[in-house]
file upload-v4.txt (compact mmCIF, C-alpha atoms)
# COMPACT_ATOMS: atom_id res chain seq x y z
CA MET A 261 0.00 0.00 0.00
CA ALA A 262 0.89 3.62 -0.07
CA SER A 263 4.00 4.46 1.88
CA LEU A 264 6.86 6.81 1.25
CA ALA A 265 9.32 3.90 1.14
CA ASN A 266 8.14 2.48 -2.17
CA LYS A 267 6.81 5.63 -3.78
CA PRO A 268 7.12 5.50 -7.59
CA ASP A 269 8.00 8.51 -9.75
CA LEU A 270 4.60 9.95 -10.56
CA ILE A 271 5.88 12.48 -13.08
CA VAL A 272 8.50 11.48 -15.66
CA ASN A 273 9.67 13.93 -18.36
CA GLY A 274 6.65 16.16 -17.84
CA LYS A 275 4.22 13.28 -18.37
CA ARG A 276 2.26 11.29 -15.80
CA ILE A 277 2.72 7.66 -14.93
CA ASP A 278 0.24 6.51 -17.59
CA GLY A 279 1.53 8.94 -20.22
CA ARG A 280 -1.16 11.58 -19.79
CA ASP A 281 -0.73 15.35 -19.64
CA PHE A 282 -1.51 17.11 -16.37
CA ASP A 283 -4.95 18.25 -17.52
CA GLU A 284 -5.87 15.18 -19.52
CA LEU A 285 -8.82 12.94 -18.68
CA ARG A 286 -8.73 9.19 -19.03
CA PRO A 287 -10.77 7.81 -21.94
CA ILE A 288 -14.47 7.82 -20.98
CA LYS A 289 -17.34 5.82 -22.41
CA ILE A 290 -20.92 6.32 -21.20
CA GLU A 291 -23.95 4.25 -22.11
CA ALA A 292 -27.53 4.86 -20.95
CA GLY A 293 -30.52 2.63 -20.46
CA MET A 294 -29.04 -0.83 -21.00
CA LEU A 295 -30.66 -2.43 -17.93
CA LYS A 296 -34.22 -3.27 -18.93
CA ASN A 297 -35.59 -3.98 -15.45
CA ALA A 298 -34.43 -0.77 -13.80
CA ASP A 299 -36.36 2.45 -14.39
CA GLY A 300 -33.12 4.11 -15.43
CA SER A 301 -29.57 2.92 -15.82
CA ALA A 302 -26.13 3.90 -17.01
CA TYR A 303 -22.77 2.24 -17.53
CA VAL A 304 -19.53 4.18 -17.39
CA GLU A 305 -16.05 3.11 -18.38
CA TRP A 306 -13.63 5.71 -17.10
CA GLY A 307 -10.09 4.53 -17.76
CA ASN A 308 -10.01 1.22 -15.95
CA ASN A 309 -13.07 2.03 -13.85
CA LYS A 310 -16.17 0.09 -14.79
CA ILE A 311 -19.30 1.32 -13.05
CA LEU A 312 -22.98 0.46 -13.31
CA ALA A 313 -25.68 2.74 -11.96
CA GLY A 314 -29.34 1.84 -11.64
CA VAL A 315 -32.25 4.02 -10.55
CA TYR A 316 -35.69 3.05 -9.30
CA GLY A 317 -38.50 5.40 -8.59
CA PRO A 318 -40.45 7.33 -7.68
CA LYS A 319 -41.84 4.50 -5.58
CA GLU A 320 -43.32 3.78 -2.19
CA VAL A 321 -41.20 4.84 0.78
CA PHE A 322 -39.91 2.05 2.93
CA PRO A 323 -39.98 2.16 5.94
CA ARG A 324 -43.21 4.16 5.75
CA HIS A 325 -42.44 6.54 8.60
CA MET A 326 -39.61 8.07 6.58
CA ALA A 327 -42.09 9.36 3.99
CA ASP A 328 -42.21 13.13 3.58
CA PRO A 329 -45.60 14.50 2.47
CA ALA A 330 -43.91 17.53 0.93
CA LYS A 331 -41.14 15.94 -1.09
CA ALA A 332 -39.42 12.78 -2.22
CA ILE A 333 -36.53 11.22 -0.33
CA ILE A 334 -33.41 9.90 -2.02
CA LYS A 335 -31.59 6.76 -1.01
CA CYS A 336 -28.22 5.91 -2.41
CA ARG A 337 -26.10 2.81 -2.16
CA TYR A 338 -22.55 2.72 -3.46
CA THR A 339 -20.80 -0.64 -3.33
CA MET A 340 -17.61 -2.10 -4.70
CA ALA A 341 -17.78 -5.63 -6.03
CA PRO A 342 -15.51 -8.14 -4.22
CA PHE A 343 -13.48 -8.51 -7.41
CA SER A 344 -13.27 -4.79 -8.15
CA SER A 345 -9.74 -3.93 -7.04
CA LEU A 346 -6.28 -5.44 -6.67
CA ALA A 347 -6.70 -6.54 -3.08
CA GLU A 348 -9.83 -8.53 -2.46
CA HIS A 349 -12.63 -6.43 -1.06
CA GLY A 350 -14.09 -8.99 1.30
CA ARG A 351 -17.74 -9.78 1.30
CA THR A 352 -20.17 -7.77 -0.80
CA GLY A 353 -22.10 -4.90 0.65
CA PRO A 354 -21.31 -1.50 2.04
CA ASN A 355 -18.38 -0.99 4.39
CA ARG A 356 -17.34 2.16 6.24
CA ARG A 357 -15.91 3.83 3.14
CA ALA A 358 -18.90 2.86 0.99
CA ILE A 359 -21.35 4.28 3.51
CA GLU A 360 -19.54 7.61 3.41
CA ILE A 361 -19.58 7.72 -0.39
CA SER A 362 -23.26 6.76 -0.44
CA LYS A 363 -24.00 9.66 1.88
CA VAL A 364 -22.12 12.31 -0.08
CA THR A 365 -23.59 11.05 -3.36
CA LYS A 366 -27.08 11.26 -1.91
CA GLU A 367 -26.45 14.84 -0.87
CA VAL A 368 -25.21 15.75 -4.34
CA PHE A 369 -28.47 14.58 -5.90
CA GLU A 370 -30.69 16.12 -3.24
CA ASN A 371 -29.54 19.44 -4.66
CA VAL A 372 -30.46 18.77 -8.29
CA VAL A 373 -33.45 16.42 -8.26
CA MET A 374 -36.75 18.32 -8.08
CA LEU A 375 -37.89 16.55 -4.95
CA ASN A 376 -41.14 18.46 -4.46
CA GLU A 377 -42.46 17.02 -7.75
CA PHE A 378 -42.73 13.59 -6.13
CA PRO A 379 -44.27 13.93 -2.67
CA ASN A 380 -44.51 10.85 -0.46
CA SER A 381 -42.14 8.84 -2.58
CA GLU A 382 -38.64 7.50 -2.68
CA ILE A 383 -35.96 7.49 -5.36
CA ASP A 384 -33.32 4.77 -5.13
CA ILE A 385 -29.87 5.12 -6.66
CA PHE A 386 -27.59 2.09 -6.83
CA ILE A 387 -23.96 2.45 -7.87
CA GLU A 388 -22.01 -0.75 -8.39
CA VAL A 389 -18.28 -0.55 -8.98
CA LEU A 390 -17.34 -3.60 -11.05
CA GLN A 391 -13.74 -2.55 -11.50
CA GLY A 392 -12.10 0.27 -9.61
CA ASP A 393 -9.01 2.26 -10.48
CA GLY A 394 -9.19 5.52 -8.55
CA GLY A 395 -11.85 8.19 -8.81
CA THR A 396 -14.76 5.77 -8.48
CA ARG A 397 -16.90 8.15 -6.48
CA ALA A 398 -16.57 10.78 -9.20
CA ALA A 399 -17.31 8.26 -11.94
CA GLY A 400 -20.18 6.90 -9.86
CA ILE A 401 -21.80 10.32 -9.56
CA THR A 402 -21.38 10.88 -13.31
CA ALA A 403 -23.05 7.53 -14.00
CA ALA A 404 -25.87 8.02 -11.47
CA SER A 405 -26.74 11.38 -12.97
CA VAL A 406 -27.16 9.82 -16.43
CA ALA A 407 -29.22 7.00 -14.89
CA LEU A 408 -31.54 9.50 -13.16
CA ALA A 409 -32.11 11.35 -16.42
CA ASN A 410 -32.72 8.01 -18.13
CA ALA A 411 -35.39 7.23 -15.54
CA GLY A 412 -37.15 10.48 -16.45
CA ILE A 413 -36.82 11.95 -12.98
CA TYR A 414 -37.13 15.74 -12.95
CA MET A 415 -33.74 17.33 -12.39
CA ARG A 416 -32.38 20.83 -12.55
CA ASP A 417 -29.12 19.73 -14.06
CA LEU A 418 -26.98 16.85 -15.27
CA VAL A 419 -24.22 16.61 -12.67
CA TYR A 420 -20.72 15.45 -13.44
CA ALA A 421 -17.83 14.77 -11.10
CA VAL A 422 -14.08 14.47 -11.54
CA SER A 423 -11.11 14.55 -9.23
CA ALA A 424 -8.18 16.92 -9.24
CA GLY A 425 -5.17 17.11 -6.95
CA ARG A 426 -1.54 17.82 -6.46
CA ILE A 427 1.55 15.76 -7.21
CA GLU A 428 4.52 17.56 -5.61
CA ASP A 429 3.89 21.12 -6.87
CA LYS A 430 1.96 20.23 -10.01
CA ILE A 431 -1.86 20.39 -10.19
CA VAL A 432 -3.15 17.31 -11.93
CA LEU A 433 -6.58 16.22 -13.18
CA ASP A 434 -8.34 12.83 -12.82
CA PHE A 435 -6.16 10.63 -10.65
CA ASN A 436 -5.81 6.92 -11.24
CA MET A 437 -5.25 4.48 -8.37
CA ILE A 438 -1.47 4.82 -8.10
CA GLU A 439 -1.58 8.62 -8.25
CA ASP A 440 -4.39 8.59 -5.74
CA ASN A 441 -2.36 6.51 -3.28
CA TYR A 442 0.90 8.46 -3.50
CA SER A 443 -0.18 12.01 -4.33
CA GLU A 444 0.10 14.98 -1.99
CA ALA A 445 -3.55 16.01 -2.34
CA ASP A 446 -6.64 14.46 -3.88
CA MET A 447 -9.89 16.34 -4.33
CA PRO A 448 -13.04 14.92 -5.96
CA ILE A 449 -15.42 17.65 -7.13
CA ALA A 450 -19.01 17.34 -8.35
CA VAL A 451 -20.37 20.23 -10.41
CA ALA A 452 -23.77 21.25 -11.78
CA PRO A 453 -22.61 22.56 -15.17
CA ARG A 454 -25.47 25.00 -15.81
CA ASN A 455 -24.10 27.60 -13.42
CA ASN A 456 -20.99 25.76 -12.25
CA GLU A 457 -22.33 25.17 -8.76
CA ILE A 458 -20.05 22.93 -6.72
CA LEU A 459 -22.09 20.17 -5.07
CA LEU A 460 -19.31 18.02 -3.64
CA LEU A 461 -15.81 18.92 -2.60
CA GLN A 462 -13.76 16.58 -0.48
CA MET A 463 -10.06 16.91 0.02
CA ASP A 464 -7.38 14.56 1.18
CA GLY A 465 -4.09 16.41 1.69
CA GLY A 466 -3.43 20.12 1.31
CA LEU A 467 -3.58 22.83 -1.33
CA THR A 468 -2.82 26.54 -1.24
CA ARG A 469 -5.47 29.02 -2.27
CA GLU A 470 -3.94 29.48 -5.74
CA GLN A 471 -3.59 25.75 -6.25
CA LEU A 472 -7.24 25.22 -5.30
CA LYS A 473 -8.33 27.84 -7.84
CA GLN A 474 -6.18 26.23 -10.50
CA ALA A 475 -7.59 22.78 -9.71
CA ILE A 476 -11.20 23.97 -9.88
CA GLY A 477 -10.49 25.74 -13.16
CA MET A 478 -9.09 22.49 -14.55
CA VAL A 479 -12.16 20.55 -13.40
CA LEU A 480 -14.57 23.04 -14.98
CA GLU A 481 -12.65 22.88 -18.25
CA ALA A 482 -12.67 19.07 -18.31
CA GLY A 483 -16.32 19.06 -17.25
CA LYS A 484 -17.40 20.45 -20.61
CA LYS A 485 -16.15 17.26 -22.24
CA ILE A 486 -17.83 15.02 -19.65
CA SER A 487 -21.14 16.89 -19.96
CA ALA A 488 -21.06 16.50 -23.73
CA MET A 489 -20.49 12.76 -23.32
CA GLN A 490 -23.40 12.45 -20.86
CA LYS A 491 -25.72 14.21 -23.30
CA GLU A 492 -24.47 12.05 -26.13
CA ALA A 493 -25.19 8.89 -24.14
CA LEU A 494 -28.78 9.97 -23.45
CA ASN A 495 -29.38 10.89 -27.10
CA GLU A 496 -27.87 7.79 -28.59
CA ASN A 497 -30.72 5.35 -27.93
CA TYR A 498 -33.21 7.61 -29.69
CA ARG A 499 -30.93 8.33 -32.59
CA LYS A 500 -30.42 4.63 -33.29
CA VAL A 501 -34.16 4.12 -33.83
CA ALA A 502 -34.42 7.32 -35.87
CA GLU A 503 -31.62 6.24 -38.17
CA GLN A 504 -33.65 3.27 -39.37
CA TYR A 505 -35.92 5.76 -41.05
CA GLY A 506 -33.10 7.89 -42.42
CA GLN A 507 -33.85 10.81 -40.15
CA LYS A 508 -31.61 12.86 -37.96
CA MET B 43 -38.28 21.02 -35.91
CA ARG B 44 -37.76 18.91 -32.85
CA GLU B 45 -34.62 18.38 -30.89
CA ILE B 46 -33.72 16.16 -27.95
CA VAL B 47 -33.03 18.10 -24.74
CA VAL B 48 -31.55 16.89 -21.44
CA PRO B 49 -32.02 18.29 -17.90
CA GLY B 50 -30.41 21.69 -17.45
CA GLU B 51 -30.46 22.60 -21.12
CA ALA B 52 -31.80 26.11 -21.80
CA VAL B 53 -34.92 26.08 -23.99
CA ALA B 54 -35.84 29.78 -23.84
CA ASP B 55 -34.07 33.02 -22.94
CA ARG B 56 -37.16 34.31 -21.16
CA PRO B 57 -39.42 32.79 -18.52
CA VAL B 58 -41.98 30.56 -20.26
CA ARG B 59 -44.58 28.45 -18.51
CA MET B 60 -44.18 25.00 -19.96
CA HIS B 61 -44.57 21.45 -18.75
CA ASN B 62 -41.36 19.57 -17.87
CA THR B 63 -39.33 22.76 -17.45
CA TYR B 64 -38.33 25.12 -14.69
CA ILE B 65 -37.50 28.79 -14.58
CA ASP B 66 -34.36 30.17 -13.01
CA GLY B 67 -32.81 33.61 -13.35
CA GLY B 68 -35.22 34.71 -16.08
CA LYS B 69 -34.52 31.71 -18.31
CA THR B 70 -36.34 28.44 -18.93
CA TYR B 71 -34.55 25.12 -18.66
CA ALA B 72 -35.56 21.56 -19.45
CA ALA B 73 -36.11 19.34 -16.40
CA THR B 74 -36.24 15.99 -18.14
CA VAL B 75 -35.08 14.15 -21.24
CA GLY B 76 -37.55 15.03 -23.96
CA LEU B 77 -38.27 16.34 -27.42
CA PHE B 78 -38.42 20.12 -27.53
CA ASP B 79 -40.85 21.53 -30.06
CA ARG B 80 -39.84 25.12 -30.77
CA GLU B 81 -43.00 26.05 -32.69
CA HIS B 82 -45.48 24.85 -30.10
CA ASN B 83 -43.20 25.64 -27.16
CA GLU B 84 -43.58 22.29 -25.47
CA ILE B 85 -41.40 19.49 -24.24
CA ILE B 86 -42.62 15.94 -24.86
CA PRO B 87 -40.97 13.75 -22.24
CA LEU B 88 -39.25 10.63 -23.55
CA GLU B 89 -38.77 8.93 -20.20
CA GLY B 90 -40.47 8.87 -16.87
CA GLY B 91 -43.28 7.31 -14.96
CA TRP B 92 -46.88 8.35 -14.60
CA VAL B 93 -47.74 11.25 -12.34
CA PRO B 94 -51.46 11.03 -11.53
CA HIS B 95 -53.63 14.03 -12.35
CA ILE B 96 -57.32 14.60 -11.77
CA GLU B 97 -59.50 13.39 -14.69
CA ASP B 98 -56.87 10.94 -15.95
CA VAL B 99 -58.44 7.80 -17.41
CA VAL B 100 -56.81 4.69 -15.94
CA VAL B 101 -57.12 0.93 -16.34
CA GLY B 102 -56.75 -1.42 -13.39
CA ILE B 103 -57.85 -4.59 -11.67
CA VAL B 104 -60.11 -4.85 -8.61
CA LYS B 105 -57.87 -6.04 -5.81
CA THR B 106 -60.14 -6.07 -2.75
CA SER B 107 -63.75 -5.34 -2.05
CA LYS B 108 -65.05 -4.36 1.37
CA ASN B 109 -68.14 -2.40 2.45
CA SER B 110 -68.68 -1.06 -1.08
CA VAL B 111 -65.12 0.29 -1.22
CA TYR B 112 -62.94 -1.28 -3.85
CA GLU B 113 -59.19 -1.14 -3.90
CA ILE B 114 -57.90 -1.00 -7.46
CA ASP B 115 -54.50 -2.19 -8.63
CA LEU B 116 -53.16 0.39 -11.08
CA SER B 117 -49.59 -0.97 -10.92
CA TYR B 118 -48.65 2.28 -9.22
CA PHE B 119 -47.23 2.68 -5.75
CA LYS B 120 -49.99 4.87 -4.38
CA ARG B 121 -53.19 3.28 -3.09
CA SER B 122 -56.21 3.81 -5.29
CA ILE B 123 -59.79 3.23 -4.22
CA LEU B 124 -63.20 3.34 -5.83
CA ILE B 125 -66.26 4.04 -3.73
CA ALA B 126 -69.36 2.31 -5.09
CA SER B 127 -72.18 4.63 -6.03
CA LYS B 128 -75.45 4.47 -4.11
CA PHE B 129 -77.27 3.17 -7.14
CA GLU B 130 -74.77 0.47 -8.01
CA ARG B 131 -76.65 -2.44 -9.59
CA HIS B 132 -73.89 -4.93 -10.28
CA PRO B 133 -71.17 -4.88 -7.65
CA LEU B 134 -67.63 -5.29 -8.95
CA LYS B 135 -65.92 -8.62 -8.39
CA VAL B 136 -62.37 -9.10 -7.24
CA GLY B 137 -60.15 -9.75 -10.26
CA GLU B 138 -62.30 -7.80 -12.70
CA ALA B 139 -60.65 -5.28 -15.01
CA ILE B 140 -62.08 -1.77 -14.98
CA GLU B 141 -61.61 1.58 -16.62
CA ALA B 142 -62.10 4.63 -14.41
CA SER B 143 -61.25 8.31 -14.06
CA ILE B 144 -59.45 10.02 -11.22
CA LYS B 145 -61.78 12.10 -9.10
CA ASP B 146 -59.34 13.29 -6.49
CA ILE B 147 -55.95 12.60 -4.96
CA GLU B 148 -56.42 12.73 -1.22
CA ASP B 149 -53.51 13.99 0.89
CA ARG B 150 -51.26 13.28 -2.12
CA LYS B 151 -51.52 9.68 -0.97
CA THR B 152 -54.72 7.99 -2.06
CA ILE B 153 -56.16 8.12 -5.56
CA ILE B 154 -59.97 8.27 -5.58
CA LEU B 155 -61.58 6.91 -8.72
CA TYR B 156 -65.04 7.37 -10.21
CA ARG B 157 -66.96 6.81 -13.46
CA GLU B 158 -65.93 3.17 -13.57
CA ARG B 159 -66.69 0.83 -16.47
CA VAL B 160 -66.16 -2.92 -16.36
CA LEU B 161 -63.92 -4.33 -19.07
CA ASN B 162 -65.10 -7.85 -19.78
CA GLY B 163 -62.62 -10.42 -21.08
CA GLY B 164 -59.82 -9.20 -23.29
CA THR B 165 -56.07 -8.85 -22.80
CA MET B 166 -53.99 -6.36 -20.87
CA MET B 167 -50.53 -5.11 -21.69
CA GLU B 168 -48.19 -2.74 -19.97
CA VAL B 169 -46.42 0.11 -21.81
CA LYS B 170 -44.20 2.99 -20.75
CA ALA B 171 -46.42 5.67 -19.24
CA SER B 172 -44.39 8.36 -21.01
CA LYS B 173 -45.50 6.95 -24.37
CA VAL B 174 -49.23 6.89 -23.59
CA PRO B 175 -49.95 10.33 -25.14
CA ARG B 176 -48.53 9.11 -28.45
CA ILE B 177 -50.53 5.87 -28.31
CA ILE B 178 -53.70 7.91 -27.84
CA GLY B 179 -52.66 10.55 -30.37
CA LYS B 180 -54.12 14.01 -30.91
CA ASN B 181 -57.90 13.77 -30.31
CA SER B 182 -57.48 9.97 -30.04
CA THR B 183 -56.58 9.72 -33.74
CA MET B 184 -53.93 7.06 -33.22
CA VAL B 185 -55.93 4.72 -31.03
CA ASN B 186 -59.01 5.11 -33.26
CA GLN B 187 -56.93 4.26 -36.28
CA ILE B 188 -55.60 1.09 -34.68
CA SER B 189 -59.02 -0.12 -33.58
CA GLU B 190 -60.48 0.69 -37.00
CA LEU B 191 -57.86 -1.26 -38.90
CA THR B 192 -57.61 -4.23 -36.55
CA GLY B 193 -61.19 -4.39 -35.31
CA ALA B 194 -60.04 -4.52 -31.70
CA SER B 195 -61.63 -2.37 -29.02
CA ILE B 196 -58.85 -0.61 -27.12
CA THR B 197 -58.75 1.30 -23.84
CA VAL B 198 -55.55 3.10 -22.97
CA GLY B 199 -54.97 4.02 -19.33
CA ARG B 200 -52.70 6.93 -18.45
CA ASN B 201 -51.05 4.63 -15.94
CA GLY B 202 -49.55 2.65 -18.82
CA ILE B 203 -51.98 -0.25 -18.93
CA VAL B 204 -53.67 -0.96 -22.24
CA TRP B 205 -56.70 -3.22 -22.54
CA LEU B 206 -57.57 -4.89 -25.84
CA ARG B 207 -60.40 -7.15 -26.95
CA GLY B 208 -61.71 -8.62 -30.17
CA GLY B 209 -60.48 -8.38 -33.76
CA ASN B 210 -56.82 -8.86 -34.47
CA VAL B 211 -55.50 -8.34 -30.94
CA GLU B 212 -52.00 -9.49 -31.75
CA LEU B 213 -51.59 -6.99 -34.55
CA ALA B 214 -52.99 -4.19 -32.41
CA ALA B 215 -50.54 -5.07 -29.62
CA GLU B 216 -47.70 -5.10 -32.11
CA ALA B 217 -48.68 -1.65 -33.37
CA ILE B 218 -48.75 -0.34 -29.79
CA LEU B 219 -45.30 -1.74 -29.08
CA LYS B 220 -44.06 -0.14 -32.30
CA ILE B 221 -45.40 3.23 -31.15
CA GLU B 222 -43.72 2.77 -27.79
CA ASN B 223 -40.41 2.17 -29.51
CA GLU B 224 -40.64 4.87 -32.19
CA ALA B 225 -42.68 7.57 -30.48
CA HIS B 226 -40.02 10.22 -31.07
CA ILE B 227 -39.79 9.90 -34.86
CA LYS B 228 -41.86 12.05 -37.17
CA GLY B 229 -44.65 10.63 -39.33
CA LEU B 230 -45.70 8.08 -36.75
CA THR B 231 -49.43 7.95 -37.57
CA GLU B 232 -48.68 7.42 -41.25
CA ARG B 233 -46.15 4.67 -40.51
CA ILE B 234 -48.49 2.81 -38.20
CA ARG B 235 -51.29 3.02 -40.78
CA MET B 236 -49.01 1.62 -43.48
CA MET B 237 -47.85 -1.19 -41.23
CA LEU B 238 -51.39 -2.15 -40.24
CA GLU B 239 -52.74 -2.02 -43.80
CA ASP B 240 -49.79 -3.99 -45.03
CA ARG B 241 -50.25 -6.71 -42.44
CA THR B 242 -54.02 -7.02 -42.76
CA ARG B 243 -53.69 -7.41 -46.56
CA LYS B 244 -51.13 -10.20 -46.10
CA GLY B 245 -53.42 -11.96 -43.65
CA GLU B 246 -56.28 -12.08 -46.14

call {"tool": "encode", "arguments": {"input": "upload-v4.txt", "output": "structure tokens"}}
result
Amino acid sequence: MASLANKPDLIVNGKRIDGRDFDELRPIKIEAGMLKNADGSAYVEWGNNKILAGVYGPKEVFPRHMADPAKAIIKCRYTMAPFSSLAEHGRTGPNRRAIEISKVTKEVFENVVMLNEFPNSEIDIFIEVLQGDGGTRAAGITAASVALANAGIYMRDLVYAVSAGRIEDKIVLDFNMIEDNYSEADMPIAVAPRNNEILLLQMDGGLTREQLKQAIGMVLEAGKKISAMQKEALNENYRKVAEQYGQK
Amino acid sequence: MREIVVPGEAVADRPVRMHNTYIDGGKTYAATVGLFDREHNEIIPLEGGWVPHIEDVVVGIVKTSKNSVYEIDLSYFKRSILIASKFERHPLKVGEAIEASIKDIEDRKTIILYRERVLNGGTMMEVKASKVPRIIGKNSTMVNQISELTGASITVGRNGIVWLRGGNVELAAEAILKIENEAHIKGLTERIRMMLEDRTRKGE
């Protein structure tokens, strides 16, 4: 695991350990609506991350006493599959880390889903990490947001998330697992792109004020690409059918 | 001209009252995935479940019957009940299919139905509730066309349950599934008519 004794060189000749530039994202592939039994679903491949998100709802609140007559409640479950990372993850189901990520993800979506449209109901978000390679919570939020849109749940915005951080004195975007373990600071950020509202900001390590500004600027720049991919994923299903008839 | 919009996409630079949108800072934004029609200023949702409204026509099955109060299964998570009228001549039986309208939604919890009609025999199928408006069509043109060409009597519930009986039920069901799949492509009515005419001619 991460210790200073066996720390690899994270930056070689101005390139990162996997050959990327400092502000370069890993290759991303997003697909929407491929789970037929869920109300909404999305699959994201983000570098070596492979993440499935499924959404159910609005449906009956369980347990009943949690029901809110004025608005819907959101439940979120993030889990890593036992085979998802290098070291075995033990039995399936949420652990301490997963519970934390579930909570912050839930709070991200409480800010964008129009909860008062669905009184007395519940919206369930399930994020399953099939293969993890750093930045799974960011990729999970990106996937869940596409899945919510695919379920037709009213939202103010299509959220994306990506991590940024610091390796020595360089600000770097979208950490993979090795960079995540050995970097000086790691900061996942979730953004609502319409007015660039920041909905999640967690930080492990330290950044100066200027470095923080630079990191957020990098995230907002990369977010344009992620947003475009999310939109593309949602449009694709409809375009496929339309193409049969030679229409746009 | 129609284009696909996603949540958060601006659809107007001024505040416009429109279904499936919200207004923020003097602009109008889409709140769901849908087709935006610039001429008619409306968003037709492509995804999403049914949100009950008063006067919606629904199709369901009688689940329980007690003291002239029937509980109806609309395959929706909220409880829906039908109170028998004072002059009821033939009480409903458990397991019967009915068509009814929504009278009221009490405490945002219980759907109250009225104007029930028993649907005898027939077949039921479930479709996406977001596609129901297209299955019905403008002034019921689409559903009338299907029943005319297949000879089936069709009742479409806003809750996404369709009831069919008589005539060529299989063909009618196929047409409905085709609408569900291709609701967002222009010239739908024409395409469905061609498909139905084509198939009925082959059958003869």

call {"tool": "closest_atom_pairs", "arguments": {"input": "upload-v4.txt", "of": "chain B", "to": "chain A", "cutoff": "9 Å", "atoms": "only C-alpha atoms", "output": "JSON lines"}}
result
{"residue": "B:Ile46", "atom": "CA", "partner": "A:Asn495", "partner_atom": "CA", "distance": 6.9}
{"residue": "B:Val47", "atom": "CA", "partner": "A:Lys491", "partner_atom": "CA", "distance": 8.4}
{"residue": "B:Val48", "atom": "CA", "partner": "A:Lys491", "partner_atom": "CA", "distance": 6.7}
{"residue": "B:Pro49", "atom": "CA", "partner": "A:Asp417", "partner_atom": "CA", "distance": 5.0}
{"residue": "B:Gly50", "atom": "CA", "partner": "A:Asp417", "partner_atom": "CA", "distance": 4.1}
{"residue": "B:Glu51", "atom": "CA", "partner": "A:Arg454", "partner_atom": "CA", "distance": 7.7}
{"residue": "B:Ala52", "atom": "CA", "partner": "A:Arg454", "partner_atom": "CA", "distance": 8.8}
{"residue": "B:Asn62", "atom": "CA", "partner": "A:Tyr414", "partner_atom": "CA", "distance": 7.5}
{"residue": "B:Thr63", "atom": "CA", "partner": "A:Tyr414", "partner_atom": "CA", "distance": 8.6}
{"residue": "B:Tyr64", "atom": "CA", "partner": "A:Arg416", "partner_atom": "CA", "distance": 7.6}
{"residue": "B:Tyr71", "atom": "CA", "partner": "A:Arg416", "partner_atom": "CA", "distance": 7.8}
{"residue": "B:Ala72", "atom": "CA", "partner": "A:Arg416", "partner_atom": "CA", "distance": 7.6}
{"residue": "B:Ala73", "atom": "CA", "partner": "A:Met415", "partner_atom": "CA", "distance": 5.1}
{"residue": "B:Thr74", "atom": "CA", "partner": "A:Tyr414", "partner_atom": "CA", "distance": 5.3}
{"residue": "B:Val75", "atom": "CA", "partner": "A:Ala409", "partner_atom": "CA", "distance": 6.3}
{"residue": "B:Gly76", "atom": "CA", "partner": "A:Gly412", "partner_atom": "CA", "distance": 8.8}
{"residue": "B:Pro87", "atom": "CA", "partner": "A:Gly412", "partner_atom": "CA", "distance": 7.7}
{"residue": "B:Leu88", "atom": "CA", "partner": "A:Gly412", "partner_atom": "CA", "distance": 7.4}
{"residue": "B:Glu89", "atom": "CA", "partner": "A:Gly412", "partner_atom": "CA", "distance": 4.4}
{"residue": "B:Gly90", "atom": "CA", "partner": "A:Gly412", "partner_atom": "CA", "distance": 3.7}
{"residue": "B:Gly91", "atom": "CA", "partner": "A:Gly412", "partner_atom": "CA", "distance": 7.1}
{"residue": "B:Val93", "atom": "CA", "partner": "A:Phe378", "partner_atom": "CA", "distance": 8.3}
{"residue": "B:Tyr118", "atom": "CA", "partner": "A:Lys319", "partner_atom": "CA", "distance": 8.0}
{"residue": "B:Phe119", "atom": "CA", "partner": "A:Glu320", "partner_atom": "CA", "distance": 5.4}
{"residue": "B:Lys120", "atom": "CA", "partner": "A:Glu320", "partner_atom": "CA", "distance": 7.1}
{"residue": "B:Asp149", "atom": "CA", "partner": "A:Pro329", "partner_atom": "CA", "distance": 8.1}
{"residue": "B:Arg150", "atom": "CA", "partner": "A:Pro379", "partner_atom": "CA", "distance": 7.0}
{"residue": "B:Lys151", "atom": "CA", "partner": "A:Asn380", "partner_atom": "CA", "distance": 7.1}
{"residue": "B:Ser172", "atom": "CA", "partner": "A:Gly412", "partner_atom": "CA", "distance": 8.8}
{"residue": "B:Asn223", "atom": "CA", "partner": "A:Val501", "partner_atom": "CA", "distance": 7.8}
{"residue": "B:Glu224", "atom": "CA", "partner": "A:Val501", "partner_atom": "CA", "distance": 6.7}
{"residue": "B:His226", "atom": "CA", "partner": "A:Tyr498", "partner_atom": "CA", "distance": 7.4}
{"residue": "B:Ile227", "atom": "CA", "partner": "A:Ala502", "partner_atom": "CA", "distance": 6.0}
{"residue": "B:Lys228", "atom": "CA", "partner": "A:Gln507", "partner_atom": "CA", "distance": 8.6}

call {"tool": "atom_distance", "arguments": {"input": "upload-v4.txt", "atom1": "atom CA of A:Asn309", "atom2": "atom CA of A:Leu390"}}
result
7.6 Å

call {"tool": "residues_around", "arguments": {"input": "upload-v4.txt", "residues": "stretch 430-442 of chain A", "least_positions_apart": "4", "cutoff": "9 Å", "atoms": "only C-alpha atoms", "output": "number ranges by chain"}}
result
A: 261-264, 267-268, 270, 276-278, 281-286, 307-308, 392-395, 422-426, 446, 448, 471-472, 474-475, 478-479, 482

call {"tool": "residues_near_point", "arguments": {"input": "upload-v4.txt", "point": "(-37.6, 27.4, -23.1)", "cutoff": "9 Å", "atoms": "only C-alpha atoms", "output": "ChimeraX atom specification"}}
result
/B:51-60,63-65,69-72,78,80,83-85

call {"tool": "atom_distance", "arguments": {"input": "upload-v4.txt", "atom1": "atom CA of A:Val389", "atom2": "atom CA of A:Gly279"}}
result
24.7 Å
